[in-house]
Each structure stands twice: as C-alpha cells, then as structure tokens.
>>> print(open('work.csv').read())   # CSV, C-alpha atoms
chain,number,residue,atom,x,y,z
A,1,MET,CA,-4.3,-11.7,-16.5
A,2,LYS,CA,-1.6,-14.3,-17.2
A,3,ASN,CA,1.1,-11.6,-17.3
A,4,LYS,CA,-0.1,-10.2,-13.9
A,5,ILE,CA,0.1,-13.7,-12.3
A,6,ILE,CA,3.6,-14.2,-13.8
A,7,ASN,CA,4.8,-10.8,-12.5
A,8,TYR,CA,3.4,-11.6,-9.0
A,9,ILE,CA,5.2,-15.0,-9.0
A,10,ASN,CA,8.5,-13.3,-10.1
A,11,LEU,CA,8.1,-10.7,-7.3
A,12,ILE,CA,7.7,-13.5,-4.7
A,13,PHE,CA,10.6,-15.4,-6.1
A,14,ALA,CA,12.9,-12.3,-5.9
A,15,ILE,CA,12.0,-11.7,-2.3
A,16,VAL,CA,12.6,-15.3,-1.4
A,17,VAL,CA,15.9,-15.5,-3.2
A,18,PHE,CA,17.3,-12.3,-1.8
A,19,SER,CA,16.0,-12.9,1.7
A,20,THR,CA,18.4,-13.0,4.7
A,21,LYS,CA,16.8,-15.8,6.7
A,22,ILE,CA,18.8,-18.8,5.7
A,23,ASN,CA,17.7,-21.4,8.3
A,24,GLY,CA,14.6,-23.4,7.8
A,25,GLN,CA,13.1,-22.7,11.2
A,26,ILE,CA,11.7,-19.7,13.2
A,27,SER,CA,13.5,-17.8,16.0
A,28,LYS,CA,13.1,-14.7,18.1
A,29,GLY,CA,13.0,-11.6,15.9
A,30,ASP,CA,11.4,-13.3,12.9
A,31,PHE,CA,8.3,-11.5,11.6
A,32,ILE,CA,5.5,-12.0,9.0
A,33,LEU,CA,4.5,-9.0,6.8
A,34,ASP,CA,2.0,-9.5,4.1
A,35,PHE,CA,-1.1,-7.9,2.5
A,36,SER,CA,-3.8,-8.7,0.0
A,37,SER,CA,-6.5,-6.8,-1.8
A,38,TRP,CA,-9.1,-7.2,-4.5
A,39,ALA,CA,-11.2,-4.6,-6.4
A,40,TYR,CA,-13.8,-4.7,-9.1
A,41,LEU,CA,-16.3,-2.4,-10.7
A,42,SER,CA,-20.0,-3.3,-10.1
A,43,LYS,CA,-22.1,-2.7,-13.2
A,44,GLY,CA,-25.8,-2.1,-13.3
A,45,THR,CA,-27.8,-0.3,-10.5
A,46,LEU,CA,-25.0,0.1,-8.0
A,47,ASN,CA,-22.4,1.1,-10.7
A,48,LYS,CA,-19.4,1.8,-8.4
A,49,PRO,CA,-16.0,0.3,-7.5
A,50,LEU,CA,-15.9,-2.2,-4.6
A,51,GLY,CA,-13.0,-3.9,-2.9
A,52,ASN,CA,-11.1,-4.7,0.2
A,53,PHE,CA,-7.6,-4.5,1.7
A,54,GLU,CA,-6.0,-6.6,4.4
A,55,ALA,CA,-2.5,-6.3,6.0
A,56,THR,CA,-0.8,-8.6,8.6
A,57,TYR,CA,2.2,-8.0,10.8
A,58,MET,CA,3.4,-10.5,13.4
A,59,ILE,CA,6.7,-10.8,15.2
A,60,MET,CA,8.4,-13.5,17.3
A,61,ILE,CA,9.0,-12.0,20.8
A,62,SER,CA,10.7,-15.2,21.9
A,63,ASN,CA,11.4,-18.6,20.3
A,64,LYS,CA,7.8,-19.7,21.2
A,65,PHE,CA,5.5,-16.7,21.2
A,66,MET,CA,4.5,-14.5,18.2
A,67,ILE,CA,2.3,-11.4,18.6
A,68,GLY,CA,0.8,-9.0,16.1
A,69,GLY,CA,-2.4,-8.4,14.3
A,70,GLU,CA,-4.4,-7.6,11.1
A,71,LEU,CA,-5.9,-4.5,9.7
A,72,TYR,CA,-8.9,-4.9,7.4
A,73,TYR,CA,-11.0,-2.6,5.2
A,74,ASN,CA,-13.9,-3.7,3.0
A,75,HIS,CA,-16.2,-1.6,0.8
A,76,ASN,CA,-19.1,-3.7,-0.4
A,77,PHE,CA,-22.9,-3.8,-0.3
A,78,LEU,CA,-26.0,-5.6,0.9
A,79,ASN,CA,-29.1,-5.9,-1.2
A,80,GLU,CA,-32.8,-6.8,-0.7
A,81,VAL,CA,-36.1,-6.5,-2.7
A,82,ASN,CA,-38.0,-3.3,-2.0
A,83,THR,CA,-41.8,-2.8,-1.9
A,84,SER,CA,-41.8,-2.2,-5.7
A,85,GLY,CA,-40.2,-5.7,-6.3
A,86,GLU,CA,-36.9,-4.2,-7.3
A,87,TRP,CA,-33.5,-4.9,-5.9
A,88,GLU,CA,-32.3,-2.1,-3.5
A,89,TYR,CA,-28.5,-1.8,-2.9
A,90,TYR,CA,-27.0,-0.6,0.4
A,91,PRO,CA,-23.2,0.2,0.2
A,92,PHE,CA,-21.2,0.0,3.4
A,93,ASN,CA,-17.7,0.4,4.7
A,94,SER,CA,-16.3,-2.1,7.2
A,95,TYR,CA,-13.2,-1.7,9.3
A,96,ARG,CA,-11.6,-4.4,11.5
A,97,ILE,CA,-8.5,-4.7,13.7
A,98,SER,CA,-7.5,-8.1,15.0
A,99,PRO,CA,-4.9,-8.5,17.8
A,100,THR,CA,-3.5,-12.0,17.5
A,101,ILE,CA,-1.1,-14.2,19.5
A,102,ARG,CA,0.5,-17.5,18.5
A,103,TYR,CA,2.3,-20.1,20.6
A,104,TYR,CA,4.7,-22.4,18.7
A,105,PHE,CA,5.2,-25.8,20.3
A,106,THR,CA,8.5,-26.3,18.5
A,107,ASN,CA,10.7,-24.0,16.3
A,108,LYS,CA,12.0,-26.6,13.9
A,109,LYS,CA,11.3,-27.1,10.2
A,110,LEU,CA,7.9,-28.5,11.0
A,111,ALA,CA,6.4,-26.0,13.5
A,112,PRO,CA,2.9,-26.6,14.9
A,113,PHE,CA,1.2,-23.7,16.8
A,114,ALA,CA,-1.9,-22.6,18.6
A,115,THR,CA,-3.5,-19.2,18.0
A,116,LEU,CA,-6.0,-16.8,19.6
A,117,LYS,CA,-7.4,-14.0,17.5
A,118,ASN,CA,-9.7,-11.1,18.5
A,119,ASP,CA,-11.7,-9.3,15.9
A,120,LEU,CA,-12.9,-5.8,16.7
A,121,SER,CA,-15.1,-4.4,13.9
A,122,LEU,CA,-17.0,-1.3,12.8
A,123,THR,CA,-19.5,-1.3,10.0
A,124,LYS,CA,-21.0,2.0,8.6
A,125,PHE,CA,-23.7,2.1,5.9
A,126,GLU,CA,-23.9,5.0,3.4
A,127,LYS,CA,-27.7,5.0,4.0
A,128,GLU,CA,-29.0,5.0,7.5
A,129,GLU,CA,-32.1,2.8,6.9
A,130,PRO,CA,-33.0,0.0,6.9
A,131,TRP,CA,-29.6,-1.3,8.0
A,132,GLU,CA,-27.9,0.0,11.2
A,133,ASN,CA,-24.3,0.8,11.8
A,134,ASN,CA,-22.8,-1.7,14.3
A,135,ASN,CA,-19.8,-2.7,16.3
A,136,GLY,CA,-18.8,-6.3,16.8
A,137,TYR,CA,-16.4,-8.6,18.7
A,138,ARG,CA,-15.4,-12.1,17.7
A,139,GLY,CA,-13.0,-14.4,19.6
A,140,ILE,CA,-11.3,-17.0,17.4
A,141,VAL,CA,-9.2,-20.0,18.5
A,142,GLY,CA,-7.2,-22.3,16.2
A,143,VAL,CA,-4.4,-24.7,15.6
A,144,GLY,CA,-2.0,-24.8,12.7
A,145,VAL,CA,1.4,-25.7,11.4
A,146,ASN,CA,4.2,-24.1,9.3
A,147,TYR,CA,6.4,-26.3,7.2
A,148,PHE,CA,9.6,-24.5,6.1
A,149,LEU,CA,10.7,-25.2,2.5
A,150,GLY,CA,14.0,-23.4,3.1
A,151,ASN,CA,15.2,-19.8,3.3
A,152,ASN,CA,12.3,-17.8,4.7
A,153,ILE,CA,9.3,-19.4,3.0
A,154,ALA,CA,6.9,-21.8,4.7
A,155,LEU,CA,3.6,-23.6,3.9
A,156,GLU,CA,0.9,-22.9,6.4
A,157,GLY,CA,-2.3,-24.8,7.3
A,158,LEU,CA,-4.7,-23.4,9.9
A,159,ILE,CA,-8.0,-24.6,11.4
A,160,THR,CA,-10.0,-22.1,13.3
A,161,SER,CA,-13.4,-21.8,15.1
A,162,ASN,CA,-15.3,-18.8,16.4
A,163,LEU,CA,-15.5,-19.1,20.2
A,164,ILE,CA,-17.4,-15.9,21.0
A,165,SER,CA,-19.5,-13.7,18.7
A,166,LEU,CA,-21.0,-10.4,20.0
A,167,GLY,CA,-22.5,-7.3,18.5
A,168,GLY,CA,-22.3,-7.3,14.7
A,169,PHE,CA,-21.2,-10.9,14.8
A,170,LYS,CA,-23.9,-12.2,17.2
A,171,ASP,CA,-26.0,-13.8,14.4
A,172,GLU,CA,-23.0,-15.8,13.1
A,173,SER,CA,-23.3,-19.5,13.8
A,174,LYS,CA,-20.5,-21.6,15.2
A,175,HIS,CA,-18.3,-23.0,12.5
A,176,ILE,CA,-14.9,-24.4,11.7
A,177,SER,CA,-12.7,-22.9,8.9
A,178,LEU,CA,-9.7,-24.4,7.1
A,179,SER,CA,-7.2,-22.1,5.4
A,180,THR,CA,-3.9,-22.9,3.6
A,181,GLY,CA,-1.3,-20.7,2.0
A,182,ILE,CA,2.3,-19.5,1.9
A,183,LYS,CA,4.0,-17.3,4.5
A,184,LEU,CA,7.2,-15.3,4.1
A,185,PHE,CA,9.3,-14.9,7.3
A,186,PHE,CA,11.9,-12.1,7.6
A,187,ASN,CA,14.4,-11.4,10.4
A,188,SER,CA,14.4,-8.1,12.3
A,189,GLN,CA,18.1,-8.4,13.0
A,190,LEU,CA,18.9,-7.4,9.5
A,191,GLN,CA,20.4,-4.2,10.7
A,192,ASN,CA,23.4,-6.0,12.2
A,193,ASN,CA,24.5,-7.0,8.7
A,194,MET,CA,23.8,-3.7,7.0
A,195,GLU,CA,25.9,-0.6,6.5
A,196,SER,CA,24.4,2.8,7.4
A,197,LEU,CA,21.3,3.2,5.3
A,198,PRO,CA,22.1,6.8,4.1
A,199,GLU,CA,25.6,5.6,3.0
A,200,LYS,CA,23.9,2.7,1.3
A,201,ILE,CA,21.2,4.4,-0.7
A,202,LEU,CA,22.2,8.0,-1.1
A,203,LYS,CA,25.4,7.1,-2.9
A,204,LYS,CA,26.7,8.2,-6.3
A,205,GLY,CA,26.0,5.7,-9.0
A,206,ASN,CA,22.9,4.1,-7.3
A,207,PHE,CA,19.7,3.4,-9.1
A,208,GLU,CA,16.6,3.2,-7.0
A,209,THR,CA,13.4,1.9,-8.5
A,210,SER,CA,10.1,1.3,-6.9
A,211,GLY,CA,6.5,0.7,-7.7
A,212,ASN,CA,3.2,1.4,-6.0
A,213,PHE,CA,0.5,-1.2,-6.8
A,214,ILE,CA,-2.2,-0.5,-4.2
A,215,ASN,CA,-3.9,2.9,-3.8
A,216,PHE,CA,-7.0,3.9,-1.8
A,217,ARG,CA,-8.3,7.4,-2.3
A,218,HIS,CA,-11.2,9.0,-0.4
A,219,SER,CA,-12.8,12.4,-0.2
A,220,PRO,CA,-15.6,13.4,2.2
A,221,LYS,CA,-17.2,15.4,-0.7
A,222,GLY,CA,-17.7,12.3,-2.8
A,223,SER,CA,-14.5,12.1,-5.0
A,224,PRO,CA,-13.9,8.6,-6.3
A,225,THR,CA,-12.4,5.6,-4.4
A,226,SER,CA,-9.6,4.1,-6.4
A,227,SER,CA,-10.3,0.9,-8.3
A,228,PHE,CA,-6.9,0.5,-10.0
A,229,HIS,CA,-3.5,2.2,-9.6
A,230,PHE,CA,0.0,1.5,-11.0
A,231,SER,CA,3.0,3.8,-10.4
A,232,PRO,CA,6.6,2.8,-11.1
A,233,ASP,CA,9.5,5.3,-10.8
A,234,ILE,CA,13.3,5.2,-11.1
A,235,ARG,CA,16.0,7.5,-9.5
A,236,TYR,CA,19.7,7.8,-10.4
A,237,PHE,CA,22.2,9.5,-8.0
A,238,ILE,CA,24.5,11.7,-10.0
A,239,THR,CA,26.5,12.6,-6.9
A,240,ASP,CA,26.1,11.6,-3.3
A,241,ARG,CA,22.7,12.8,-2.0
A,242,PHE,CA,21.6,14.3,-5.4
A,243,ASN,CA,19.4,12.4,-7.8
A,244,ILE,CA,17.3,12.9,-10.9
A,245,TYR,CA,14.2,10.8,-11.4
A,246,GLY,CA,11.4,9.9,-13.7
A,247,ASN,CA,8.0,8.4,-12.9
A,248,TYR,CA,4.8,7.2,-14.6
A,249,SER,CA,1.4,6.5,-13.1
A,250,PHE,CA,-1.9,5.2,-14.3
A,251,HIS,CA,-5.0,5.6,-12.3
A,252,GLU,CA,-8.6,4.4,-13.0
A,253,SER,CA,-11.3,5.7,-10.8
A,254,ARG,CA,-15.1,6.0,-10.6
A,255,LEU,CA,-16.7,9.4,-10.7
A,256,LYS,CA,-20.5,9.4,-10.4
A,257,SER,CA,-21.8,7.4,-13.3
A,258,SER,CA,-18.6,7.2,-15.5
A,259,ASN,CA,-15.1,6.0,-15.5
A,260,TRP,CA,-12.2,8.4,-15.2
A,261,TYR,CA,-8.7,7.6,-16.4
A,262,GLU,CA,-5.6,9.5,-15.3
A,263,MET,CA,-2.0,9.1,-16.8
A,264,ASN,CA,1.0,11.1,-15.5
A,265,PHE,CA,4.5,11.5,-16.7
A,266,GLY,CA,7.0,13.2,-14.4
A,267,LEU,CA,10.7,14.3,-14.4
A,268,GLY,CA,12.4,15.8,-11.4
A,269,ALA,CA,15.4,16.2,-9.1
A,270,GLU,CA,16.1,15.9,-5.4
A,271,TYR,CA,18.9,16.8,-3.0
A,272,TYR,CA,19.4,15.5,0.6
A,273,PHE,CA,20.9,18.0,3.1
A,274,ARG,CA,22.6,16.2,5.9
A,275,PHE,CA,22.0,17.2,9.5
A,276,ASN,CA,23.6,14.2,11.2
A,277,ASP,CA,24.1,10.5,10.6
A,278,ASN,CA,20.4,9.8,10.8
A,279,LEU,CA,18.6,13.0,9.9
A,280,TYR,CA,18.4,14.5,6.3
A,281,LEU,CA,16.3,17.2,4.7
A,282,ASN,CA,15.1,16.5,1.2
A,283,LEU,CA,14.2,19.3,-1.3
A,284,GLY,CA,12.7,18.4,-4.7
A,285,ILE,CA,11.1,19.8,-7.8
A,286,THR,CA,9.1,18.0,-10.4
A,287,GLY,CA,7.5,18.7,-13.8
A,288,ILE,CA,4.3,16.6,-14.3
A,289,LEU,CA,2.3,16.1,-17.5
A,290,GLU,CA,-1.1,14.8,-16.7
A,291,LEU,CA,-3.6,13.3,-19.2
A,292,ASP,CA,-7.3,13.0,-18.0
A,293,THR,CA,-10.2,11.5,-20.0
A,294,ARG,CA,-13.4,9.4,-19.7
A,295,HIS,CA,-12.4,7.2,-22.6
A,296,LEU,CA,-9.2,5.2,-22.3
A,297,ASN,CA,-8.8,4.8,-26.1
A,298,GLU,CA,-8.7,8.6,-26.5
A,299,ILE,CA,-6.2,9.4,-23.7
A,300,PHE,CA,-3.5,10.5,-26.2
A,301,LYS,CA,-5.8,12.1,-28.7
A,302,ASN,CA,-8.7,13.8,-26.9
A,303,SER,CA,-7.9,14.4,-23.2
A,304,TYR,CA,-7.3,17.2,-20.8
A,305,ARG,CA,-3.6,17.9,-20.7
A,306,THR,CA,-2.2,19.5,-17.6
A,307,LEU,CA,1.3,20.6,-16.8
A,308,ASP,CA,2.2,21.6,-13.3
A,309,ILE,CA,5.5,21.9,-11.3
A,310,PRO,CA,5.1,20.9,-7.7
A,311,ILE,CA,7.9,21.6,-5.1
A,312,SER,CA,8.4,19.5,-2.0
A,313,THR,CA,10.4,19.2,1.1
A,314,SER,CA,10.6,16.4,3.6
A,315,LEU,CA,12.4,15.4,6.8
A,316,ASN,CA,13.9,11.9,6.5
A,317,TYR,CA,15.0,9.9,9.5
A,318,PHE,CA,17.1,6.7,9.0
A,319,HIS,CA,17.2,4.1,11.7
A,320,ASN,CA,18.5,0.6,11.3
A,321,GLN,CA,16.6,-0.8,8.3
A,322,LYS,CA,13.8,1.9,8.3
A,323,ARG,CA,13.5,5.2,6.4
A,324,MET,CA,10.7,7.3,7.9
A,325,TYR,CA,9.8,10.7,6.4
A,326,LEU,CA,7.3,13.6,6.9
A,327,GLY,CA,6.9,16.3,4.3
A,328,ILE,CA,4.8,18.8,2.4
A,329,ARG,CA,4.2,19.3,-1.3
A,330,TYR,CA,2.8,22.5,-3.0
A,331,ARG,CA,1.4,23.2,-6.4
A,332,TYR,CA,0.6,26.8,-7.2
A,333,PHE,CA,-0.5,26.9,-10.8
A,334,GLU,CA,-1.2,24.6,-13.8
A,335,LEU,CA,-1.3,24.9,-17.6
A,336,LYS,CA,-4.3,23.1,-19.0
A,337,ALA,CA,-4.8,22.4,-22.7
A,338,LEU,CA,-7.9,21.0,-24.5
A,339,ASN,CA,-8.5,21.2,-28.3
A,340,ARG,CA,-5.5,23.5,-28.7
A,341,LYS,CA,-6.8,25.9,-26.2
A,342,ILE,CA,-4.4,26.7,-23.3
A,343,THR,CA,-5.5,28.2,-20.0
A,344,ILE,CA,-3.5,29.0,-16.8
A,345,ASN,CA,-5.3,28.2,-13.6
A,346,GLU,CA,-4.4,28.6,-9.9
A,347,ARG,CA,-4.1,25.1,-8.5
A,348,ASN,CA,-3.3,26.0,-4.9
A,349,THR,CA,-2.9,22.4,-3.8
A,350,PHE,CA,-1.2,21.7,-0.5
A,351,SER,CA,-0.3,18.1,0.5
A,352,LEU,CA,1.0,16.7,3.7
A,353,PHE,CA,2.5,13.2,3.4
A,354,VAL,CA,4.1,10.7,5.8
A,355,GLY,CA,5.8,7.4,4.8
A,356,LEU,CA,7.8,4.4,5.8
A,357,ASP,CA,10.3,2.3,3.8
A,358,TYR,CA,11.2,-1.0,5.5
A,359,PHE,CA,14.2,-2.8,4.2
A,360,VAL,CA,13.9,-6.6,4.3
A,361,LYS,CA,17.2,-7.0,2.5
A,362,GLU,CA,20.0,-4.5,1.8
A,363,ASN,CA,18.5,-3.8,-1.6
A,364,ILE,CA,14.8,-4.6,-1.1
A,365,TYR,CA,12.2,-2.7,0.8
A,366,PHE,CA,8.5,-2.5,1.3
A,367,LYS,CA,7.0,1.0,1.3
A,368,GLY,CA,3.8,2.7,2.5
A,369,GLU,CA,2.7,6.3,2.3
A,370,PHE,CA,-0.3,8.4,3.4
A,371,ASP,CA,-1.0,11.7,1.6
A,372,PHE,CA,-3.6,14.3,2.7
A,373,SER,CA,-4.3,17.0,0.0
A,374,SER,CA,-6.3,20.2,0.2
A,375,ARG,CA,-7.1,22.2,-2.9
A,376,ASN,CA,-8.8,25.5,-3.4
A,377,SER,CA,-8.4,26.7,-7.0
A,378,SER,CA,-9.9,29.7,-8.8
A,379,ASN,CA,-12.5,27.7,-10.6
A,380,ILE,CA,-13.7,25.7,-7.6
A,381,MET,CA,-16.0,27.4,-5.2
A,382,ASN,CA,-15.4,25.1,-2.2
A,383,GLN,CA,-12.2,23.6,-0.8
A,384,VAL,CA,-11.7,20.0,-1.6
A,385,ASN,CA,-9.9,17.6,0.8
A,386,SER,CA,-8.8,14.1,0.0
A,387,GLY,CA,-6.6,11.3,1.5
A,388,ALA,CA,-4.7,8.5,-0.3
A,389,LEU,CA,-3.0,5.4,1.1
A,390,THR,CA,-0.3,3.8,-1.2
A,391,LEU,CA,1.6,0.6,-0.8
A,392,GLY,CA,4.5,-0.8,-2.9
A,393,VAL,CA,7.9,-2.4,-3.1
A,394,GLY,CA,11.3,-0.9,-4.0
A,395,PHE,CA,14.9,-2.0,-5.0
A,396,ILE,CA,18.3,-0.4,-4.8
A,397,ILE,CA,20.9,-1.2,-7.5
A,398,ASP,CA,24.5,-0.3,-7.1
A,399,SER,CA,25.9,0.4,-10.6
A,400,ASN,CA,29.5,0.6,-9.2
A,401,LYS,CA,29.3,-3.1,-8.1
A,402,ILE,CA,27.9,-4.1,-11.5
A,403,GLU,CA,30.9,-2.4,-13.2
A,404,GLU,CA,33.3,-4.1,-10.8
A,405,ARG,CA,31.9,-7.5,-11.6
A,406,ALA,CA,32.0,-6.8,-15.3
A,407,LYS,CA,35.7,-6.1,-15.1
>>> encode(input="work.csv", output="structure tokens")
Amino acid sequence: MKNKIINYINLIFAIVVFSTKINGQISKGDFILDFSSWAYLSKGTLNKPLGNFEATYMIMISNKFMIGGELYYNHNFLNEVNTSGEWEYYPFNSYRISPTIRYYFTNKKLAPFATLKNDLSLTKFEKEEPWENNNGYRGIVGVGVNYFLGNNIALEGLITSNLISLGGFKDESKHISLSTGIKLFFNSQLQNNMESLPEKILKKGNFETSGNFINFRHSPKGSPTSSFHFSPDIRYFITDRFNIYGNYSFHESRLKSSNWYEMNFGLGAEYYFRFNDNLYLNLGITGILELDTRHLNEIFKNSYRTLDIPISTSLNYFHNQKRMYLGIRYRYFELKALNRKITINERNTFSLFVGLDYFVKENIYFKGEFDFSSRNSSNIMNQVNSGALTLGVGFIIDSNKIEERAK
C-alpha cells in the first residue's frame, strides 16, 4: 500500500513539474481533468466486486466562466433483514451526469468562485423487488476558492448545499457539505507550442511508454466486472513510423463464486502508413502468452497457458494535441496448454476499439479506450459479447535528445 501511495505521488509530481502552465492564476483556455475510483471485493453472502469511477472535465470559456461536468458510475448494494431474520443484499448500478458551471470573481493567485451543479441520475437494481429503479435530479449551489501554489497546481475548498432534490433524491434532507483537495489546471493552447504530433511521436529513436491503471469490463451474460487491472507497455521506433513493442498486463476479476487471475505477456510490431499530415493507417501484429488460474500462487506452475496471435488495424487522426483512433482486432485461433496437453482451438474473437490520447505536455498524455469484443469459438455454444473501458497515462522519450545531452 505504501508503494502505491508513493507511486501516485510521483505521478502527480511529474505532471506538475512538466506542465506548461507557468503563471499562478487562471485564464481562458485553462481546463481541469481528473478522475478517481475505488474498488474492493465484498466477502460473505454478496461475495462480488464493488466499486465506483468518477471523471471531471471543466474548461474556462472566458477569464471568468468555467463550464464542464462530471461522469459517475457506482456498483454497490443495499441490504435489509428478510422475513427469516437474515440479511438480504440487493446489488445495483448507479449512473450520473452532472453539468456544472463556475463563475470566478477574480483570476488571480487567490481565486474565489460560485458554482451551480445539476445531478441527473439513473439507478438500476439487479433484482426488481423490493427496490425500484429510479431517476433523480438534484440542483446544488456552492461557493469555493482556488489558491494557486505555482505552475498549474491549486488547493481547492468548496462549500455546497442541495437546493432542489427530486425523484431518486427526493428523500434527501437539506444539508451543507465541505470538501477540500488539490486541482491540476492545464492549458488548451498547448498546441501553439508543439510541433506536429506525428512528427513528434512517430520518429526514429523514440520510446513510448504508457500504463493502464483503471479498467471496467462488463458482459450482459454475466462475465465478471473488473476489480483490479494493471497494464504497462513500451514501444521503440526503429525507423520513422515503424516500432516494436512489448507489454504486460495483470487482471484480477470475479467469476461466480471464485477469483480469477489473468497475466499476459506480449511482443509485437506496428507500422503507420501516411495518408496526409493528420491521417495515418496503423497495421499491427502481436504474439500473446496468457496465463489463467483461480489461485494466484500457482499462476506459473499450474495454470491455463494460451498463445494467440491477434492482428489489428486502426485509423489514426492527429489534431493539435489529440490523437484519436478507431480500429479492429481479430484473433482466429489459440494454442492452449494444461498439464503438458496442447490443444488448438478456434478463437474467432472480433474487437472494435476507439480511443483518445490527449497531450497535456509535449511528452505526457492521458489516454482512454473503449473496446467491444465478440467471441464465438468452437467450444462455446453461444456468442459472448463484452465491453471494456480503460484509462491511463503515457510518456514519450526522445533517445536522440538524450544522446545529444550526453555528448
């Protein structure tokens, strides 16, 4: 736990040090981008992973007004004592979108503001009775202040109160809340100081490394929702637009009444075909070794070992500090080994993925990707569909500049 906290602090420190906003005040074009999540495994009767995810994006449209909103997802449960005197658990999924506006009275180092937030929510229970699905609206007003410590980091204090509560919020009493924290402000005018993104990142000698730390996976047919996911990778451009890469991922999930652990090792290569200054076609091939087991301490000794070779293609559009892509990935067969017995299975997995990399500095970007997969293999009677949302952060390292400095 201590190491996780230290790594998180180092990540925040790196973002702050390399940020491009150098004045201790806000201005038009500045934006806030942050997210948070928690996850845990509930033992006992419920025996399933729970957690939530929240993301915020707000941008200054003038030197006074900031607009944006929040996206929120929560998987949790309610409980009550049934007629037999035992606790009954009722899992639910809650979704919320919150359009928000702020007005800053000043844009100096100490910047007080007023805010209006609108919560629109939907709650759906996995069991229809006795709880009912509901929609809700909540209007929240508040006042707060940002105190800039320098660069793009500010302390924030905020006092809010629920002004209107309807639908699913109607039983909520009037109350006042106090919240404090740290906010990171970035500037959307970064592209004015950047060279062309393709020239910057698809260049011979570049290393690109990234890590996915948050992953939500869902299948309508009951496949597990992710409780933990970690996936770093590294790429090296041998020539302009051609790279080789390696990646590793560890995934812990909940499948019915037991844990399931997944560990992947991959090696591959990619090439970008150039259409024009902004549009590139990516072709890639990867070899993946996958280890699956219900007991983590046996993952290298007694696990399902699977080797498959997916091929992929994606259309990449570069614009200012954004890289957007849409692609497909296909896996036809797999080699599976258990207890020295090897079988060849049809995998027939087709994936459609869409993603966005947003550069907050020339060599730092946030990333997000949604992947929809459909599988119909020879040993599975029905087609299985699943979706996964992944968030992370990436870095570009120019080895040519490192060599120049060393000289």
>>> atom_distance(input="work.csv", atom1="atom CA of Ser121 of chain A", atom2="atom CA of Ile97 of chain A")
6.6 Å
>>> residues_around(input="work.csv", residues="Thr106 of chain A", least_positions_apart="5", cutoff="10 Å", atoms="all atoms listed in the file", output="list in words")
Gln25, Ile26, Asn63, Lys64, Ala111, Pro112 and Phe113 of chain A
>>> atom_distance(input="work.csv", atom1="atom CA of Tyr271 of chain A", atom2="atom CA of Ser374 of chain A")
25.6 Å
>>> atom_distance(input="work.csv", atom1="atom CA of Asn162 of chain A", atom2="atom CA of Asp119 of chain A")
10.2 Å
>>> closest_residue(input="work.csv", among="A:Ile311, A:Leu184, A:Ile176, A:Ile328", to="Leu163 of chain A", atoms="only C-alpha atoms")
A:Ile176
